[in-house]
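Shown here: my_file-v3.cif, mmCIF, C-alpha atoms and all ligand atoms.
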```
data_my_file
loop_
_atom_site.label_atom_id
_atom_site.label_comp_id
_atom_site.auth_asym_id
_atom_site.auth_seq_id
_atom_site.Cartn_x
_atom_site.Cartn_y
_atom_site.Cartn_z
CA MET F 27 0.00 0.00 0.00
CA ARG F 28 1.13 3.52 -0.80
CA LYS F 29 2.81 5.48 2.01
CA LYS F 30 0.72 8.52 2.79
CA ILE F 31 2.07 11.95 3.53
CA ILE F 32 -0.50 14.65 4.10
CA ALA F 33 0.64 18.26 4.59
CA LEU F 34 -1.86 20.51 6.30
CA ASP F 35 -0.92 24.18 6.53
CA GLY F 36 -2.85 27.24 7.54
CA PRO F 37 -3.15 30.12 9.99
CA ALA F 38 -3.62 29.91 13.76
CA GLY F 39 -6.97 28.53 14.93
CA ALA F 40 -8.10 27.09 11.60
CA GLY F 41 -8.54 23.77 13.38
CA LYS F 42 -5.42 22.17 11.91
CA SER F 43 -4.51 20.19 15.02
CA SER F 44 -7.98 18.81 15.70
CA VAL F 45 -8.61 17.99 12.05
CA SER F 46 -5.16 16.44 11.57
CA LYS F 47 -5.69 14.24 14.61
CA MET F 48 -9.02 13.01 13.22
CA VAL F 49 -7.58 12.38 9.77
CA ALA F 50 -4.52 10.60 11.20
CA LYS F 51 -6.67 8.37 13.35
CA ARG F 52 -9.02 7.45 10.51
CA LEU F 53 -6.16 6.73 8.10
CA ASN F 54 -4.07 5.01 10.76
CA CYS F 55 -1.23 7.53 10.41
CA THR F 56 1.21 9.27 12.71
CA TYR F 57 0.21 12.81 13.58
CA LEU F 58 2.84 15.53 13.89
CA ASP F 59 1.86 18.95 15.22
CA THR F 60 4.86 21.03 14.12
CA GLY F 61 3.52 24.15 15.87
CA ALA F 62 3.92 22.30 19.17
CA MET F 63 7.61 21.87 18.38
CA TYR F 64 8.09 25.64 17.93
CA ARG F 65 6.02 26.20 21.05
CA ALA F 66 8.28 23.82 22.98
CA ILE F 67 11.37 25.79 21.96
CA THR F 68 9.60 29.01 22.96
CA TYR F 69 8.56 27.56 26.33
CA GLU F 70 12.12 26.44 27.01
CA ALA F 71 13.61 29.81 26.01
CA LEU F 72 11.16 31.63 28.30
CA LYS F 73 11.92 29.22 31.11
CA ARG F 74 15.65 29.85 30.72
CA ASN F 75 14.98 33.57 30.36
CA ILE F 76 16.85 33.90 27.07
CA SER F 77 15.63 36.02 24.17
CA GLU F 78 18.58 36.69 21.85
CA GLU F 79 18.56 34.74 18.56
CA LYS F 80 22.13 33.52 19.03
CA GLU F 81 21.44 32.16 22.51
CA ILE F 82 18.20 30.48 21.43
CA VAL F 83 19.77 28.81 18.40
CA GLN F 84 22.62 27.59 20.58
CA MET F 85 20.08 26.21 23.06
CA VAL F 86 18.20 24.40 20.25
CA GLU F 87 21.36 22.86 18.85
CA ASN F 88 22.17 21.34 22.23
CA LEU F 89 18.67 20.46 23.29
CA ASN F 90 17.47 16.96 23.97
CA MET F 91 14.00 17.16 22.44
CA ASP F 92 11.83 14.10 21.88
CA ILE F 93 8.49 13.83 20.19
CA CYS F 94 6.11 11.05 20.92
CA ALA F 95 3.72 11.13 17.98
CA LYS F 96 0.94 8.61 17.63
CA GLU F 97 -2.41 8.64 15.84
CA ASP F 98 -4.18 11.23 17.92
CA THR F 99 -1.74 12.25 20.62
CA MET F 100 1.52 14.07 20.49
CA HIS F 101 3.74 14.77 23.44
CA VAL F 102 6.90 16.84 23.51
CA PHE F 103 9.68 16.05 25.96
CA ILE F 104 12.60 18.32 26.75
CA GLU F 105 15.46 16.74 28.67
CA GLY F 106 13.10 13.88 29.49
CA GLU F 107 10.32 16.06 30.93
CA ASP F 108 6.89 16.00 29.27
CA ILE F 109 6.15 19.70 28.73
CA THR F 110 3.04 19.29 26.53
CA GLN F 111 0.71 20.86 29.10
CA TYR F 112 2.64 24.16 29.06
CA LEU F 113 2.58 24.75 25.31
CA ARG F 114 -0.71 26.62 24.89
CA THR F 115 -0.40 29.40 27.46
CA SER F 116 -0.79 33.03 26.32
CA GLU F 117 2.84 33.68 27.19
CA VAL F 118 4.06 30.98 24.82
CA SER F 119 1.51 32.03 22.14
CA SER F 120 2.64 35.64 22.15
CA ASN F 121 6.34 34.79 21.81
CA VAL F 122 6.27 31.84 19.42
CA SER F 123 6.08 33.78 16.14
CA ARG F 124 9.25 35.70 16.89
CA ILE F 125 11.21 32.63 17.95
CA SER F 126 9.93 30.39 15.14
CA ALA F 127 11.23 32.94 12.61
CA PHE F 128 14.88 32.25 13.54
CA GLN F 129 16.60 30.30 10.74
CA GLY F 130 18.69 28.20 13.15
CA VAL F 131 15.55 27.16 15.03
CA ARG F 132 13.75 26.27 11.78
CA ASN F 133 16.69 24.25 10.44
CA ALA F 134 16.69 22.03 13.52
CA MET F 135 12.90 21.60 13.55
CA VAL F 136 12.61 20.88 9.82
CA LYS F 137 15.26 18.17 10.18
CA LEU F 138 13.24 16.48 12.93
CA GLN F 139 10.00 16.84 10.95
CA ARG F 140 11.49 15.22 7.84
CA LYS F 141 12.76 12.35 9.98
CA VAL F 142 9.22 11.61 11.17
CA ALA F 143 7.84 11.92 7.62
CA GLU F 144 10.54 9.61 6.19
CA LYS F 145 8.76 6.63 7.71
CA GLY F 146 5.63 7.55 5.73
CA ASN F 147 1.97 7.33 6.77
CA ALA F 148 1.99 10.69 8.48
CA VAL F 149 -0.15 13.79 8.71
CA LEU F 150 1.89 16.91 9.47
CA ASP F 151 0.33 20.22 10.33
CA GLY F 152 2.07 23.58 10.34
CA ARG F 153 2.76 26.66 8.23
CA ASP F 154 5.41 25.56 5.76
CA ILE F 155 4.89 21.81 5.41
CA GLY F 156 3.65 21.92 1.80
CA THR F 157 6.00 24.70 0.73
CA VAL F 158 9.30 23.90 2.48
CA VAL F 159 9.35 20.81 4.71
CA LEU F 160 7.68 18.29 2.39
CA PRO F 161 7.15 19.82 -1.05
CA ASP F 162 6.53 16.30 -2.44
CA ALA F 163 3.70 15.45 -0.03
CA ASP F 164 0.97 13.33 -1.64
CA LEU F 165 -1.81 15.67 -0.53
CA LYS F 166 -1.51 19.31 0.49
CA ILE F 167 -4.30 21.20 2.17
CA PHE F 168 -4.31 24.89 3.07
CA LEU F 169 -6.90 25.13 5.82
CA THR F 170 -8.30 28.51 6.77
CA ALA F 171 -11.33 30.21 8.35
CA SER F 172 -12.41 33.75 9.20
CA VAL F 173 -10.53 35.55 12.00
CA HIS F 174 -13.68 35.57 14.15
CA THR F 175 -14.27 31.82 13.78
CA ARG F 176 -10.66 31.08 14.53
CA ALA F 177 -10.62 33.31 17.62
CA LEU F 178 -13.76 31.66 18.95
CA ARG F 179 -12.23 28.22 18.59
CA ARG F 180 -9.03 29.25 20.33
CA TYR F 181 -11.01 30.95 23.11
CA LYS F 182 -12.80 27.69 23.85
CA GLU F 183 -9.59 25.66 24.03
CA LEU F 184 -7.53 28.17 26.04
CA LYS F 185 -6.61 27.14 29.54
CA ASP F 186 -6.10 30.73 30.82
CA THR F 187 -9.31 32.21 32.18
CA ASP F 188 -8.44 35.92 32.21
CA THR F 189 -8.36 36.51 28.46
CA THR F 190 -11.16 37.87 26.24
CA LEU F 191 -12.36 36.98 22.75
CA GLU F 192 -11.39 40.45 21.48
CA ARG F 193 -7.87 40.02 22.80
CA ILE F 194 -7.58 36.65 21.06
CA GLU F 195 -8.83 38.18 17.77
CA GLU F 196 -6.14 40.85 18.01
CA GLU F 197 -3.53 38.23 18.87
CA ILE F 198 -4.56 36.08 15.88
CA LYS F 199 -4.35 39.04 13.49
CA ARG F 200 -0.95 39.97 14.87
CA ARG F 201 0.28 36.38 14.53
CA ASP F 202 -1.16 35.97 10.99
CA ASN F 203 0.67 39.09 9.97
CA LEU F 204 3.97 37.97 11.52
CA ASP F 205 3.67 34.44 10.09
CA MET F 206 2.79 35.67 6.58
CA THR F 207 5.33 38.45 6.30
CA ARG F 208 8.40 36.85 7.81
CA LYS F 209 11.33 36.43 5.43
CA ILE F 210 12.02 32.78 6.19
CA SER F 211 9.37 30.17 5.31
CA PRO F 212 6.37 32.51 5.51
CA LEU F 213 2.89 31.10 5.85
CA ARG F 214 1.54 30.73 2.33
CA LYS F 215 -0.51 28.29 0.32
CA ALA F 216 1.61 26.00 -1.86
CA ASP F 217 0.61 26.34 -5.53
CA ASP F 218 -0.53 22.72 -5.59
CA ALA F 219 -2.38 22.81 -2.25
CA ILE F 220 -6.16 22.59 -2.01
CA LEU F 221 -7.67 25.67 -0.35
CA LEU F 222 -10.22 24.66 2.26
CA ASP F 223 -12.14 27.37 4.17
CA ASN F 224 -13.92 25.68 7.05
CA SER F 225 -15.63 28.74 8.61
CA ASP F 226 -18.99 27.03 8.05
CA LEU F 227 -17.90 23.46 8.57
CA THR F 228 -17.55 21.43 11.75
CA LEU F 229 -14.19 19.86 12.39
CA GLU F 230 -15.69 16.43 11.55
CA GLU F 231 -16.98 17.76 8.22
CA THR F 232 -13.54 19.23 7.52
CA ALA F 233 -11.91 15.87 8.24
CA ASP F 234 -14.46 14.14 5.97
CA LYS F 235 -13.52 16.48 3.12
CA ILE F 236 -9.82 15.81 3.57
CA ILE F 237 -10.38 12.05 3.62
CA SER F 238 -12.38 12.37 0.38
CA TYR F 239 -9.51 14.37 -1.20
CA TRP F 240 -7.15 11.66 0.00
CA LYS F 241 -9.24 8.94 -1.61
CA LYS F 242 -9.07 10.83 -4.90
CA VAL F 243 -5.28 11.24 -4.91
CA SER F 244 -4.65 7.65 -3.83
CA GLU F 245 -6.91 6.10 -6.49
O1 LIG L 1 -0.01 25.93 14.98
P1 LIG L 1 0.41 26.74 16.21
O2 LIG L 1 -0.46 27.94 16.44
O3 LIG L 1 0.53 25.90 17.42
O4 LIG L 1 1.87 27.30 15.84
C1 LIG L 1 2.58 28.10 16.72
C2 LIG L 1 3.53 29.02 15.97
O5 LIG L 1 4.59 28.25 15.41
C3 LIG L 1 2.94 29.85 14.84
O6 LIG L 1 2.73 31.17 15.23
C4 LIG L 1 3.96 29.80 13.74
C5 LIG L 1 4.93 28.74 14.13
N1 LIG L 1 4.99 27.63 13.20
C6 LIG L 1 5.86 27.74 12.15
O7 LIG L 1 6.50 28.77 11.98
N2 LIG L 1 6.02 26.69 11.30
C7 LIG L 1 5.32 25.58 11.46
N3 LIG L 1 5.50 24.55 10.61
C8 LIG L 1 4.41 25.45 12.52
C9 LIG L 1 4.25 26.52 13.37
#
```
What do you get writing this file as structure tokens?
Amino acid sequence: MRKKIIALDGPAGAGKSSVSKMVAKRLNCTYLDTGAMYRAITYEALKRNISEEKEIVQMVENLNMDICAKEDTMHVFIEGEDITQYLRTSEVSSNVSRISAFQGVRNAMVKLQRKVAEKGNAVLDGRDIGTVVLPDADLKIFLTASVHTRALRRYKELKDTDTTLERIEEEIKRRDNLDMTRKISPLRKADDAILLDNSDLTLEETADKIISYWKKVSE
């Protein structure tokens, strides 16, 4: 049977993680949330109180980072500690765009991502999977939704209780802008990716669509 590689890119809050998990589970694939990897680096840099690019890249190059990726769960370990629960705080969210734009950080993460994909049967979600990490992926989806829909989704999944929907909308716009305008690997739809706007779809319906696209390309 053909080895599947599905690349799912798109802006923050489009439902990439939830949809990728569903698709991976239904197709019996590994799921890799590449945003969580950049979040892990950001969490670790904040914890160590370092902010200069040089220091962060040096940290990444010497870091013992493990990813445990299965069908619908993904855990990130740094120096043996499972830090998954700390990756979605507002503090990490507001610093991750800056840190994920560093070339040295991206080089190390892309290397790890390609290693997971090498084994095949994987769904990877991120910003640059179809354009940079895996340009030969079998199926590329660019998943998006309106800013309001995306903010609402993120609001519901946020652990912090003191934030507002308006603040999340602003944060999403700021992050979209940073992710799309950065020089290195900006967020953009690959020419051969399918554009899927799921503002009016449930996550299950979105996953159904992707599975139907998959069936078409694997025929
Ligand atoms: O998908 P997410 O919101 O958890 O991603 C967090 C940040 O990581 C996002 O602002 C951009 C960055 N990112 C990236 O630059 N490249 C990826 N492949 C995935 C995420």
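Residue nearest Leu138 in chain F within the list F:Leu213, F:Leu150, F:Met48, F:Ile31: F:Leu150 [criterion: smallest interatomic distance, only C-alpha atoms].
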**Prompt:** So which residues are near ligand LIG 1 (chain L), meaning at most 8 Å away with all atoms listed in the file counted, given back as a VMD selection string?
**Reply:** chain F and resid 35 37 to 39 42 to 43 59 to 65 114 119 122 to 123 126 to 127 132 151 to 155 159 201 to 202 204 to 205 211 to 213
Quick one: write out the picked residues with C-alpha atoms as a short mmCIF file (atom, residue, chain, number, x, y, z; two decimals), in the frame of the given file?
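After the write, again.cif holds the following:
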```cif
data_model
loop_
_atom_site.label_atom_id
_atom_site.label_comp_id
_atom_site.auth_asym_id
_atom_site.auth_seq_id
_atom_site.Cartn_x
_atom_site.Cartn_y
_atom_site.Cartn_z
CA ASP F 35 -0.92 24.18 6.53
CA PRO F 37 -3.15 30.12 9.99
CA ALA F 38 -3.62 29.91 13.76
CA GLY F 39 -6.97 28.53 14.93
CA LYS F 42 -5.42 22.17 11.91
CA SER F 43 -4.51 20.19 15.02
CA ASP F 59 1.86 18.95 15.22
CA THR F 60 4.86 21.03 14.12
CA GLY F 61 3.52 24.15 15.87
CA ALA F 62 3.92 22.30 19.17
CA MET F 63 7.61 21.87 18.38
CA TYR F 64 8.09 25.64 17.93
CA ARG F 65 6.02 26.20 21.05
CA ARG F 114 -0.71 26.62 24.89
CA SER F 119 1.51 32.03 22.14
CA VAL F 122 6.27 31.84 19.42
CA SER F 123 6.08 33.78 16.14
CA SER F 126 9.93 30.39 15.14
CA ALA F 127 11.23 32.94 12.61
CA ARG F 132 13.75 26.27 11.78
CA ASP F 151 0.33 20.22 10.33
CA GLY F 152 2.07 23.58 10.34
CA ARG F 153 2.76 26.66 8.23
CA ASP F 154 5.41 25.56 5.76
CA ILE F 155 4.89 21.81 5.41
CA VAL F 159 9.35 20.81 4.71
CA ARG F 201 0.28 36.38 14.53
CA ASP F 202 -1.16 35.97 10.99
CA LEU F 204 3.97 37.97 11.52
CA ASP F 205 3.67 34.44 10.09
CA SER F 211 9.37 30.17 5.31
CA PRO F 212 6.37 32.51 5.51
CA LEU F 213 2.89 31.10 5.85
#
```
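Taking CA of Val173 in chain F and CA of Ala148 in chain F as the two end points, the separation is 28.1 Å.
When CA of Ile236 in chain F is paired with CA of Lys47 in chain F, their separation reads 11.9 Å.
Of the listed residues (F:Arg179, F:Lys199, F:Lys29, F:Lys73), F:Lys73 comes nearest to Ile109 in chain F; the distances count all atoms listed in the file.
Omitting Leu72 in chain F and its sequence neighbours fewer than 5 positions away, and counting all atoms listed in the file, the residues within 9 Å are Ile67, Ser77, Glu117, Val118 and Asn121 of chain F.
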**Request:** Could you jot down the CA of Pro161 in chain F to CA of Ile237 in chain F separation for me, Å, one decimal place?
**Result:** 19.7 Å
**Prompt:** Contacts of range 190-193 of chain F at 7 Å or less, counting only C-alpha atoms, minus same-chain residues fewer than 5 places along, as a count of residues only?
**Reply:** 3
**Message:** At a cut-off of 7 Å, using all atoms listed in the file, what residues contact range 214-219 of chain F? Leave out same-chain residues fewer than 2 positions from it and give the result as a ChimeraX atom specification.
**Reply:** /F:156-157,166-168,206,212,221
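Proximity of F:Ile104, F:Val149, F:Val86, F:Thr170 to Asn133 in chain F, computed with only C-alpha atoms, is greatest for F:Val86.
Using all atoms listed in the file, the smallest distance between any of F:Leu184, F:Gln129, F:Asn75, F:Val142 and Leu113 in chain F comes from F:Leu184.
Across F:Lys235, F:His174, F:Lys80, F:Arg140, the tightest approach to Leu160 in chain F is made by F:Arg140 when counting all atoms listed in the file.
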I'd like the box whose edges run along x, y and z of the file and which contains every listed atom of range 165-175 of chain F, padded by 6 Å per side; could you state its centre and edge lengths in Å, one decimal, as AutoDock Vina command-line options?
```
--center_x -7.9 --center_y 25.6 --center_z 6.8 --size_x 24.8 --size_y 31.9 --size_z 26.7
```
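Residues within 9 Å of Ser44 in chain F, counting only C-alpha atoms and excluding same-chain residues fewer than 5 positions away, are Val49, Asp98, Leu229 and Ala233 of chain F.
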**Fill in**
Of F:Ala71, F:Ile76, F:Leu89, F:Asp226, the one sitting nearest Ala40 in chain F when using only C-alpha atoms is F:Asp226
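Residue neighbourhood of Gly146 in chain F, excluding near-sequence residues (fewer than 5 positions): Arg28, Lys29, Lys30, Ile31, Ile32, Cys55, Thr56, Arg140, Lys141 and Ala163 of chain F, at 10 Å, using only C-alpha atoms.
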